[in-house]
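Text of run-v2.txt (compact mmCIF, C-alpha atoms) as supplied:
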```txt
# COMPACT_ATOMS: atom_id res chain seq x y z
CA GLY L 1 -40.13 -14.04 -25.38
CA ALA L 2 -38.21 -17.31 -25.59
CA LEU L 3 -34.93 -15.61 -24.76
CA MET L 4 -36.54 -13.82 -21.82
CA ALA L 5 -37.91 -17.11 -20.49
CA ALA L 6 -34.49 -18.72 -20.86
CA GLY L 7 -32.85 -15.80 -19.04
CA LEU L 8 -35.32 -15.99 -16.17
CA GLY L 9 -34.77 -19.75 -15.93
CA LEU L 10 -31.02 -19.34 -15.71
CA ALA L 11 -31.41 -16.59 -13.14
CA ALA L 12 -33.65 -18.86 -11.06
CA ARG L 13 -30.87 -21.45 -10.96
CA ALA L 14 -28.59 -18.77 -9.47
CA GLY L 15 -30.99 -18.20 -6.57
CA ARG L 16 -34.01 -16.17 -5.60
CA PRO L 17 -32.14 -12.83 -5.38
CA ALA L 18 -30.90 -13.22 -8.96
CA LEU L 19 -34.39 -14.18 -10.12
CA ALA L 20 -35.87 -11.11 -8.44
CA VAL L 21 -33.38 -8.79 -10.18
CA ALA L 22 -33.84 -10.56 -13.51
CA THR L 23 -37.61 -10.19 -13.25
CA GLY L 24 -37.27 -6.46 -12.61
CA LEU L 25 -34.85 -6.18 -15.52
CA ALA L 26 -37.21 -8.01 -17.89
CA ALA L 27 -40.12 -5.82 -16.82
CA THR L 28 -38.03 -2.68 -17.36
CA VAL L 29 -36.99 -3.79 -20.85
CA TRP L 30 -40.57 -4.55 -21.90
CA ALA L 31 -41.82 -1.28 -20.42
CA TYR L 32 -39.17 0.67 -22.33
CA ASP L 33 -39.83 -1.04 -25.65
CA LEU L 34 -43.63 -0.97 -25.50
CA ARG L 35 -44.46 2.24 -23.66
CA LEU L 36 -41.67 4.42 -22.29
CA LYS L 37 -39.21 4.75 -25.17
CA HIS L 38 -40.74 7.90 -26.65
CA THR L 39 -41.84 9.46 -23.38
CA PRO L 40 -39.95 11.68 -20.90
CA ALA L 41 -39.42 8.56 -18.76
CA GLY L 42 -37.44 6.85 -21.53
CA PRO L 43 -33.93 7.84 -20.36
CA ALA L 44 -34.73 6.81 -16.78
CA ALA L 45 -36.04 3.43 -17.93
CA MET L 46 -32.95 2.79 -20.04
CA ALA L 47 -30.69 3.82 -17.15
CA ALA L 48 -32.58 1.47 -14.82
CA ALA L 49 -32.14 -1.39 -17.27
CA ARG L 50 -28.37 -0.85 -17.44
CA GLY L 51 -28.08 -0.66 -13.68
CA LEU L 52 -30.18 -3.78 -13.14
CA ASP L 53 -28.09 -5.58 -15.74
CA LEU L 54 -24.98 -4.94 -13.65
CA LEU L 55 -26.74 -5.91 -10.43
CA LEU L 56 -27.92 -9.17 -12.00
CA GLY L 57 -24.31 -10.21 -12.45
CA ALA L 58 -23.58 -9.26 -8.85
CA THR L 59 -26.45 -11.34 -7.46
CA ALA L 60 -25.77 -14.32 -9.73
CA THR L 61 -22.11 -14.56 -8.72
CA GLY L 62 -22.30 -13.22 -5.17
CA ALA L 63 -23.13 -16.49 -3.43
CA ALA L 64 -20.29 -18.32 -5.18
CA GLY L 65 -17.66 -15.62 -4.82
CA ARG L 66 -18.17 -14.23 -1.30
CA THR L 67 -17.97 -15.76 2.14
CA THR L 68 -20.11 -14.12 4.81
CA GLY L 69 -19.21 -16.27 7.79
CA PRO L 70 -20.29 -19.52 9.43
CA GLY L 71 -23.89 -20.44 8.87
CA ALA L 72 -24.46 -17.74 6.26
CA GLY L 73 -26.43 -18.88 3.24
CA PRO L 74 -26.22 -17.80 -0.40
CA GLU L 75 -28.90 -15.11 -0.09
CA PRO L 76 -26.98 -12.95 2.45
CA ALA L 77 -23.90 -13.33 0.28
CA ALA L 78 -25.80 -12.19 -2.81
CA ARG L 79 -27.28 -9.30 -0.85
CA GLY L 80 -23.79 -8.20 0.18
CA SER L 81 -22.61 -8.38 -3.43
CA VAL L 82 -25.52 -6.23 -4.54
CA LEU L 83 -24.74 -3.58 -1.93
CA GLY L 84 -21.12 -3.55 -3.02
CA ALA L 85 -22.12 -3.20 -6.69
CA LEU L 86 -24.60 -0.35 -6.16
CA PRO L 87 -22.03 2.44 -6.68
CA ALA L 88 -20.89 0.95 -9.99
CA ALA L 89 -24.50 0.42 -11.08
CA GLY L 90 -25.26 4.03 -10.21
CA LEU L 91 -22.36 5.32 -12.31
CA LEU L 92 -23.32 3.18 -15.27
CA GLY L 93 -26.98 4.21 -14.95
CA ALA L 94 -26.09 7.90 -14.78
CA HIS L 95 -23.97 7.62 -17.92
CA THR L 96 -26.78 5.77 -19.70
CA TYR L 97 -29.30 8.42 -18.70
CA ALA L 98 -27.12 11.21 -20.10
CA VAL L 99 -26.49 9.43 -23.40
CA THR L 100 -30.15 8.46 -23.82
CA ALA L 101 -31.21 12.05 -23.22
CA VAL L 102 -28.93 13.12 -26.09
CA SER L 103 -30.28 10.37 -28.35
CA ARG L 104 -33.77 11.87 -28.19
CA HIS L 105 -32.47 14.66 -30.46
CA GLU L 106 -30.35 12.60 -32.87
CA ALA L 107 -32.94 12.57 -35.66
CA HIS L 108 -33.50 16.34 -35.84
CA GLY L 109 -30.62 17.86 -33.87
CA GLY L 110 -30.87 21.43 -32.68
CA SER L 111 -30.34 20.76 -28.95
CA THR L 112 -27.29 22.25 -27.27
CA THR L 113 -28.51 21.71 -23.71
CA ALA L 114 -28.55 17.89 -23.84
CA PRO L 115 -24.94 17.49 -25.10
CA LEU L 116 -23.67 20.07 -22.61
CA ALA L 117 -25.46 18.34 -19.72
CA ALA L 118 -24.11 14.99 -20.86
CA LEU L 119 -20.60 16.46 -21.12
CA ALA L 120 -20.82 17.69 -17.54
CA ALA L 121 -22.12 14.30 -16.44
CA VAL L 122 -19.25 12.47 -18.16
CA THR L 123 -16.72 14.72 -16.43
CA ALA L 124 -18.29 14.10 -13.04
CA LEU L 125 -18.53 10.36 -13.65
CA GLY L 126 -14.87 10.23 -14.65
CA ALA L 127 -13.91 11.88 -11.37
CA ALA L 128 -16.14 9.44 -9.47
CA ALA L 129 -14.60 6.44 -11.25
CA LEU L 130 -11.16 7.55 -10.08
CA HIS L 131 -12.31 7.60 -6.48
CA THR L 132 -11.43 4.43 -4.58
CA ARG L 133 -13.87 3.39 -1.88
CA ARG L 134 -12.02 2.24 1.24
CA GLU L 135 -13.44 -0.98 2.60
CA ARG L 136 -14.02 -1.22 6.33
CA GLY L 137 -10.98 -2.77 7.95
CA GLY L 138 -9.01 -3.01 4.76
CA ALA L 139 -7.09 -1.07 2.19
CA PRO L 140 -8.64 0.31 -0.97
CA GLY L 141 -9.43 -2.32 -3.53
CA THR L 142 -8.94 -5.23 -1.15
CA ALA L 143 -11.35 -7.70 0.33
CA ARG L 144 -13.19 -6.67 3.45
CA GLY L 145 -11.46 -7.55 6.70
CA THR L 146 -7.85 -8.00 7.74
CA THR L 147 -5.55 -10.92 8.24
CA ALA L 148 -5.56 -12.86 11.46
CA GLN L 149 -2.13 -11.53 12.38
CA THR L 150 -3.24 -7.92 11.93
CA ARG L 151 -6.32 -8.53 14.07
CA ARG L 152 -4.20 -10.01 16.84
CA GLU L 153 -1.87 -7.04 16.73
CA ARG L 154 -4.76 -4.62 17.03
CA ARG L 155 -6.08 -6.46 20.08
CA GLY L 156 -2.62 -6.40 21.67
CA ALA L 157 -2.25 -10.19 21.61
CA PRO L 158 1.12 -11.81 22.42
CA ASP L 159 1.91 -12.00 18.70
CA ALA L 160 2.36 -8.24 18.75
CA ALA L 161 4.94 -8.30 21.56
CA PRO L 162 8.61 -7.58 20.78
CA ARG L 163 10.59 -10.61 19.82
CA MET L 164 13.24 -11.91 22.26
CA ARG L 165 16.73 -12.13 20.96
CA SER L 166 19.35 -14.16 22.82
CA GLY L 167 22.99 -13.20 22.88
CA ARG L 168 26.11 -14.10 24.78
CA GLY L 169 25.27 -11.62 27.53
CA GLY L 170 21.84 -13.18 28.16
CA ASP L 171 18.38 -12.63 26.86
CA ARG L 172 17.38 -9.18 25.98
CA SER L 173 14.33 -7.76 24.34
CA ARG L 174 14.74 -5.33 21.53
CA PRO L 175 11.64 -4.10 19.77
CA ARG L 176 11.91 -3.98 16.06
CA PRO L 177 11.64 -0.53 14.55
CA ALA L 178 8.37 0.22 12.87
CA HIS L 179 9.32 0.16 9.22
CA ARG L 180 7.02 -0.27 6.29
CA PRO L 181 8.58 -0.95 2.92
CA PRO L 182 7.35 1.10 0.00
CA ALA L 183 4.41 -0.30 -1.92
CA PRO L 184 5.53 -2.56 -4.75
CA LEU L 185 4.76 -1.73 -8.35
CA ALA L 186 2.08 -4.42 -8.41
CA ALA L 187 0.15 -2.51 -5.76
CA THR L 188 0.14 0.68 -7.82
CA ALA L 189 -0.62 -1.03 -11.14
CA PRO L 190 -4.42 -1.11 -10.58
CA GLY L 191 -4.40 2.60 -9.81
CA LEU L 192 -2.41 3.45 -12.92
CA LEU L 193 -4.63 1.22 -15.03
CA ARG L 194 -7.77 2.77 -13.54
CA THR L 195 -6.49 6.24 -14.41
CA ALA L 196 -5.72 5.22 -18.00
CA LEU L 197 -9.10 3.53 -18.46
CA THR L 198 -10.94 6.50 -16.99
CA GLY L 199 -9.09 8.79 -19.38
CA SER L 200 -10.14 6.55 -22.27
CA TYR L 201 -13.74 6.73 -21.09
CA VAL L 202 -13.75 10.52 -20.84
CA ARG L 203 -12.05 10.94 -24.21
CA THR L 204 -14.39 8.51 -25.98
CA ALA L 205 -17.54 10.16 -24.65
CA ALA L 206 -16.57 13.81 -24.17
CA VAL L 207 -15.01 14.66 -27.54
CA PRO L 208 -18.09 13.88 -29.70
CA LEU L 209 -20.35 15.45 -27.08
CA LEU L 210 -18.35 18.67 -27.29
CA HIS L 211 -18.66 18.65 -31.08
CA ALA L 212 -22.42 18.13 -30.80
CA ALA L 213 -22.71 20.96 -28.32
CA LEU L 214 -20.85 23.34 -30.64
CA ASN L 215 -22.81 22.22 -33.70
CA PRO L 216 -26.01 20.33 -32.76
CA SER L 217 -26.60 18.90 -36.23
CA PRO L 218 -28.15 15.42 -36.62
CA PRO L 219 -24.90 13.75 -37.84
CA LEU L 220 -22.82 15.14 -34.97
CA THR L 221 -25.55 14.33 -32.46
CA GLN L 222 -25.70 10.76 -33.73
CA ARG L 223 -21.91 10.55 -33.49
CA ALA L 224 -22.11 11.77 -29.89
CA VAL L 225 -24.65 9.07 -29.05
CA GLY L 226 -22.47 6.41 -30.68
CA GLY L 227 -19.46 7.62 -28.73
CA GLY L 228 -21.46 7.48 -25.51
CA ILE L 229 -22.49 3.91 -26.20
CA ARG L 230 -18.93 2.81 -26.95
CA ALA L 231 -17.70 4.67 -23.86
CA MET L 232 -19.56 2.17 -21.68
CA ILE L 233 -16.75 -0.30 -22.38
CA PRO L 234 -13.87 1.72 -20.86
CA LEU L 235 -16.20 2.92 -18.09
CA GLN L 236 -16.96 -0.64 -16.98
CA ALA L 237 -13.30 -1.57 -17.39
CA ALA L 238 -12.35 1.35 -15.11
CA LEU L 239 -14.91 0.22 -12.54
CA ALA L 240 -13.41 -3.27 -12.62
CA ALA L 241 -9.89 -1.88 -12.19
CA ARG L 242 -11.13 0.19 -9.25
CA THR L 243 -11.69 -3.04 -7.32
CA GLY L 244 -8.25 -4.38 -8.25
CA ALA L 245 -9.53 -6.76 -10.96
CA VAL L 246 -6.80 -5.95 -13.47
CA GLY L 247 -7.37 -9.04 -15.61
CA THR L 248 -11.08 -8.40 -15.88
CA ALA L 249 -10.49 -4.75 -16.80
CA LEU L 250 -8.09 -5.69 -19.58
CA ALA L 251 -10.47 -8.36 -20.88
CA VAL L 252 -13.31 -5.84 -21.02
CA MET L 253 -11.11 -3.35 -22.90
CA GLY L 254 -10.48 -6.08 -25.46
CA LEU L 255 -14.03 -5.45 -26.65
CA VAL L 256 -13.13 -1.93 -27.89
CA PRO L 257 -11.75 -2.92 -31.32
CA ILE L 258 -14.62 -5.38 -31.78
CA ALA L 259 -17.17 -2.66 -31.04
CA ARG L 260 -15.37 -0.25 -33.36
CA ASN L 261 -15.46 -2.72 -36.25
CA LEU L 262 -19.09 -3.66 -35.67
CA ALA L 263 -20.09 0.02 -35.54
CA ARG L 264 -18.93 0.37 -39.14
CA LYS L 265 -21.46 -2.24 -40.26
CA VAL L 266 -24.37 -1.59 -37.89
CA SER L 267 -24.96 1.83 -36.35
CA PRO L 268 -24.96 1.59 -32.54
CA THR L 269 -27.75 4.20 -32.46
```
Whole structure given in structure tokens:
Amino acid sequence: GALMAAGLGLAARAGRPALAVATGLAATVWAYDLRLKHTPAGPAAMAAARGLDLLLGATATGAAGRTTGPGAGPEPAARGSVLGALPAAGLLGAHTYAVTAVSRHEAHGGSTTAPLAALAAVTALGAAALHTRRERGGAPGTARGTTAQTRRERRGAPDAAPRMRSGRGGDRSRPRPAHRPPAPLAATAPGLLRTALTGSYVRTAAVPLLHAALNPSPPLTQRAVGGGIRAMIPLQAALAARTGAVGTALAVMGLVPIARNLARKVSPT
């Protein structure tokens, strides 16, 4: 209770949108622990908690990290950050739902349907994580909008006119040929990293799920649940790389060896 109160207080300092999301998250956690954990609504409640957890970060940092234009306050900025984070929250929530559905059988085993459904979900989520959403007016993985020069060129402003070159025979206009240099390696690095991280996510989650589907014994089912929990790390790293945040993605992946070592001492399930 004290930690929840502290979390709500910190969320309130980030603004009313963050407090609203934090309140919903706290209510979802309490509902799961006290009522919904052992009911058919348990996986949905856990998935909602994971999604709200991601959205809380978006609302708390949206006002400080996004500019919405002159006269725009922090609440519209946070609202825009939430809308931009909804796809990632949906992917994380779907993964959580699939893993939680498998965990309902980890004590007794015997279910082949749940691991197979989770395996299909992981495959679909991996394909979705590879998809880059193109921002309006910008390239994939870039901030919304274009540069001032590009906007002037699209409107046909004088900046887009051919440059005048002077020579000995007088002034003459010669339009420059439309030539675009190939994309540098730095521009393709986020895509390559996203592919590698997505592959790590699929491998971490899918392999134990396949084993549990072939032999739905309690040990293999528990191993599949543990793999699904650890797979959240490369999944969130891939989602960060999808936006071009290479440093953040690498920092998140740095948690993999820590999680692996901790799992040897305390079972993640």
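The residue that comes closest to Gly109 (chain L), out of L:Met253, L:Ala124, L:Ala206, L:Ala212 and on the basis of all atoms listed in the file, is L:Ala212.
Minimum atom-to-atom distances from L:Ala120, L:Ala49, L:Leu197, L:Leu25 to Leu92 (chain L) were compared using all atoms listed in the file, and the lowest value belongs to L:Ala49.
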Quick one: residues within 7 Å of region 1-15 of chain L, all atoms listed in the file, excluding same-chain residues fewer than 5 positions away - as a PDB file with C-alpha atoms, in the frame of the given file?
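Everything below was put into around_12.pdb:
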```
ATOM      1  CA  ALA L  22     -33.840 -10.560 -13.510  1.00  0.00           C
ATOM      2  CA  THR L  23     -37.610 -10.190 -13.250  1.00  0.00           C
ATOM      3  CA  ALA L  60     -25.770 -14.320  -9.730  1.00  0.00           C
TER       4      ALA L  60
END
```
Between CA of Thr28 (chain L) and CA of Val82 (chain L), what is the distance in Å, rounded to a tenth?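 Going from CA of Thr28 (chain L) over to CA of Val82 (chain L) covers 18.3 Å.
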Quick one: distance from CA of Arg230 (chain L) to CA of Arg260 (chain L) in Å, one decimal?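 Here the two named atoms are 7.9 Å from each other.
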Nearest to Met46 (chain L), chosen from L:Gly80, L:Gly93, L:Pro234, L:Gly62, with all atoms listed in the file counted in the distances: L:Gly93
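Residue nearest Asn215 (chain L) within the list L:Ala251, L:Ala98, L:Val246, L:Leu116: L:Leu116 [criterion: smallest interatomic distance, only C-alpha atoms].
You can rank L:Leu56, L:Ala114, L:Ala101, L:Ile233 by their closest distance to His38 (chain L) using only C-alpha atoms, and at the top of that list sits L:Ala101.
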